Amino acid sequence: MFTEQDHLQGKDPIVPLIYKKLIKEVHKFGLVKVEPKKMSIHLVNRFGFAGVYVRKNCINLEIHLNHKLKSKRFVKAEQASANRYHHTLILNSPAEIDEEVLGWLKEAYDLKA
């Protein structure tokens with residue numbers, strides 16, 4: 001079984017700060033289950049609405065929505081299934097968890113199906 005600490009261990013000091021802010025902010029939406037897996041940490045409401053991929057000096061955040069967004073902030077946006085699009089952005093500092101990112105996360109959190 002993997003833990004959040006397993007993912008954060010040995011990373012640049014900025015990475016745990018980014019992660020802590022991200023988790024603090026998504027918990028403001030309501031009940032969020034944090035599920036550490038082997039390769040990532042899943043953020044779950046009724047389903048997985050986001051994935052956190054911890055890297056040495058940043059976090060790759062994958063936001064799951066039912067439509068494709070267009071933003072230069074995304075390094076990748078792909079259709080995962082008929083009704084799911086995965087949007088990936090790179091977080092290099094806690095300040096990048098701004099109103100825009102939180103809006104996308106809240107939209108993903110609120111999806112019904």
# chains A, B, ... in the order shown; residues from 1 in each chain; ligands from 1
>>> residues_around(residues="segment 35-37 of chain A", least_positions_apart="5", cutoff="12 Å", atoms="only C-alpha atoms", output="list in words")
Met1, Phe2, Thr3, Glu4, Gln5, Asp6, His7, Leu8, Ile23, His42, Leu43, Val44, Asn45, Phe47, Gly48, Phe49, Ala50, Gly51, Val52, Tyr53 and Val54 of chain A
>>> write_last_selection(atoms="N, CA and C atoms", output="mmCIF file, in the first residue's frame")
data_model
loop_
_atom_site.group_PDB
_atom_site.id
_atom_site.type_symbol
_atom_site.label_atom_id
_atom_site.label_comp_id
_atom_site.auth_asym_id
_atom_site.auth_seq_id
_atom_site.Cartn_x
_atom_site.Cartn_y
_atom_site.Cartn_z
ATOM 1 N N MET A 1 0.837 -1.185 0.000
ATOM 2 C CA MET A 1 0.000 0.000 0.000
ATOM 3 C C MET A 1 0.881 1.248 0.000
ATOM 4 N N PHE A 2 0.508 2.216 -0.803
ATOM 5 C CA PHE A 2 1.286 3.440 -0.936
ATOM 6 C C PHE A 2 0.634 4.566 -0.141
ATOM 7 N N THR A 3 1.469 5.489 0.328
ATOM 8 C CA THR A 3 0.979 6.626 1.102
ATOM 9 C C THR A 3 1.325 7.926 0.377
ATOM 10 N N GLU A 4 0.702 9.002 0.819
ATOM 11 C CA GLU A 4 1.041 10.313 0.271
ATOM 12 C C GLU A 4 2.523 10.599 0.511
ATOM 13 N N GLN A 5 3.005 10.242 1.699
ATOM 14 C CA GLN A 5 4.403 10.491 2.032
ATOM 15 C C GLN A 5 5.352 9.741 1.098
ATOM 16 N N ASP A 6 4.963 8.535 0.689
ATOM 17 C CA ASP A 6 5.789 7.780 -0.268
ATOM 18 C C ASP A 6 5.986 8.586 -1.546
ATOM 19 N N HIS A 7 4.940 9.256 -1.996
ATOM 20 C CA HIS A 7 5.011 10.034 -3.233
ATOM 21 C C HIS A 7 5.843 11.306 -3.069
ATOM 22 N N LEU A 8 5.833 11.884 -1.876
ATOM 23 C CA LEU A 8 6.505 13.163 -1.647
ATOM 24 C C LEU A 8 7.959 13.020 -1.217
ATOM 25 N N ILE A 23 -4.313 19.986 -1.820
ATOM 26 C CA ILE A 23 -5.204 19.176 -0.983
ATOM 27 C C ILE A 23 -6.053 20.074 -0.086
ATOM 28 N N HIS A 42 -5.047 9.639 -6.422
ATOM 29 C CA HIS A 42 -6.355 9.951 -6.984
ATOM 30 C C HIS A 42 -7.141 10.804 -5.998
ATOM 31 N N LEU A 43 -7.823 11.804 -6.543
ATOM 32 C CA LEU A 43 -8.737 12.622 -5.749
ATOM 33 C C LEU A 43 -10.134 12.228 -6.180
ATOM 34 N N VAL A 44 -10.942 11.781 -5.206
ATOM 35 C CA VAL A 44 -12.216 11.134 -5.520
ATOM 36 C C VAL A 44 -13.360 11.816 -4.771
ATOM 37 N N ASN A 45 -14.441 12.065 -5.483
ATOM 38 C CA ASN A 45 -15.715 12.439 -4.903
ATOM 39 C C ASN A 45 -16.610 11.233 -5.131
ATOM 40 N N PHE A 47 -16.521 9.834 -8.105
ATOM 41 C CA PHE A 47 -15.573 9.142 -8.970
ATOM 42 C C PHE A 47 -14.287 9.956 -8.942
ATOM 43 N N GLY A 48 -13.251 9.439 -9.564
ATOM 44 C CA GLY A 48 -11.986 10.155 -9.593
ATOM 45 C C GLY A 48 -12.100 11.411 -10.431
ATOM 46 N N PHE A 49 -12.006 12.565 -9.798
ATOM 47 C CA PHE A 49 -12.130 13.813 -10.545
ATOM 48 C C PHE A 49 -10.779 14.435 -10.890
ATOM 49 N N ALA A 50 -9.711 13.922 -10.278
ATOM 50 C CA ALA A 50 -8.377 14.440 -10.587
ATOM 51 C C ALA A 50 -7.321 13.414 -10.186
ATOM 52 N N GLY A 51 -6.180 13.524 -10.825
ATOM 53 C CA GLY A 51 -5.038 12.681 -10.499
ATOM 54 C C GLY A 51 -3.817 13.554 -10.275
ATOM 55 N N VAL A 52 -3.039 13.223 -9.259
ATOM 56 C CA VAL A 52 -1.833 13.964 -8.912
ATOM 57 C C VAL A 52 -0.642 13.059 -9.205
ATOM 58 N N TYR A 53 0.226 13.525 -10.083
ATOM 59 C CA TYR A 53 1.423 12.783 -10.453
ATOM 60 C C TYR A 53 2.620 13.577 -9.953
ATOM 61 N N VAL A 54 3.218 13.103 -8.863
ATOM 62 C CA VAL A 54 4.320 13.812 -8.223
ATOM 63 C C VAL A 54 5.610 13.539 -8.990
#
>>> select_by_dssp(residues="segment 17-109 of chain A", states="strand (DSSP E or B)", output="short mmCIF file (atom, residue, chain, number, x, y, z; two decimals) with C-alpha atoms, in the first residue's frame")
data_model
loop_
_atom_site.label_atom_id
_atom_site.label_comp_id
_atom_site.auth_asym_id
_atom_site.auth_seq_id
_atom_site.Cartn_x
_atom_site.Cartn_y
_atom_site.Cartn_z
CA LYS A 33 -11.12 10.95 -0.66
CA VAL A 34 -7.36 10.97 -1.23
CA GLU A 35 -6.31 7.60 -2.61
CA PRO A 36 -2.56 7.05 -3.06
CA ILE A 41 -2.67 9.98 -6.03
CA HIS A 42 -6.35 9.95 -6.98
CA LEU A 43 -8.74 12.62 -5.75
CA VAL A 44 -12.22 11.13 -5.52
CA GLY A 48 -11.99 10.15 -9.59
CA PHE A 49 -12.13 13.81 -10.55
CA ALA A 50 -8.38 14.44 -10.59
CA GLY A 51 -5.04 12.68 -10.50
CA VAL A 52 -1.83 13.96 -8.91
CA TYR A 53 1.42 12.78 -10.45
CA VAL A 54 4.32 13.81 -8.22
CA ILE A 59 3.32 18.12 -9.87
CA ASN A 60 1.45 17.04 -12.97
CA LEU A 61 -2.23 17.57 -12.23
CA GLU A 62 -4.77 15.72 -14.35
CA ILE A 63 -8.33 17.08 -14.22
CA HIS A 64 -11.19 14.85 -15.43
CA LEU A 65 -14.12 16.60 -17.13
CA PHE A 74 -2.63 22.34 -20.43
CA VAL A 75 0.31 20.33 -21.69
CA LYS A 76 -2.09 17.58 -22.74
CA ALA A 77 -5.84 17.15 -23.20
CA GLU A 78 -7.12 13.78 -24.34
CA GLN A 79 -10.41 11.95 -24.58
CA ALA A 80 -10.29 9.02 -22.16
CA SER A 81 -13.78 7.67 -22.90
CA ARG A 84 -14.37 11.87 -20.12
CA TYR A 85 -11.53 14.17 -21.05
CA HIS A 86 -8.29 14.27 -19.10
CA HIS A 87 -6.54 17.65 -18.98
CA THR A 88 -2.96 17.76 -17.69
CA LEU A 89 -1.16 20.83 -16.40
CA ILE A 90 2.16 21.23 -14.65
CA LEU A 91 2.25 22.93 -11.26
#
>>> atom_distance(atom1="atom CA of Trp104 of chain A", atom2="atom CA of Gln9 of chain A")
27.7 Å
>>> atom_distance(atom1="atom CA of Leu105 of chain A", atom2="atom CA of Val15 of chain A")
19.0 Å
>>> select_by_dssp(residues="chain A", states="alpha helix (DSSP H)", output="VMD selection string")
chain A and resid 4 to 8 14 to 27 99 to 110
>>> closest_residue(among="A:Gly103, A:Ile97, A:Leu17, A:Tyr109", to="Asn57 of chain A", atoms="only C-alpha atoms")
A:Leu17
>>> closest_residue(among="A:His27, A:Arg73, A:His67, A:Lys38", to="Ala108 of chain A", atoms="only C-alpha atoms")
A:His67
>>> atom_distance(atom1="atom CA of Pro94 of chain A", atom2="atom CA of Cys58 of chain A")
9.9 Å
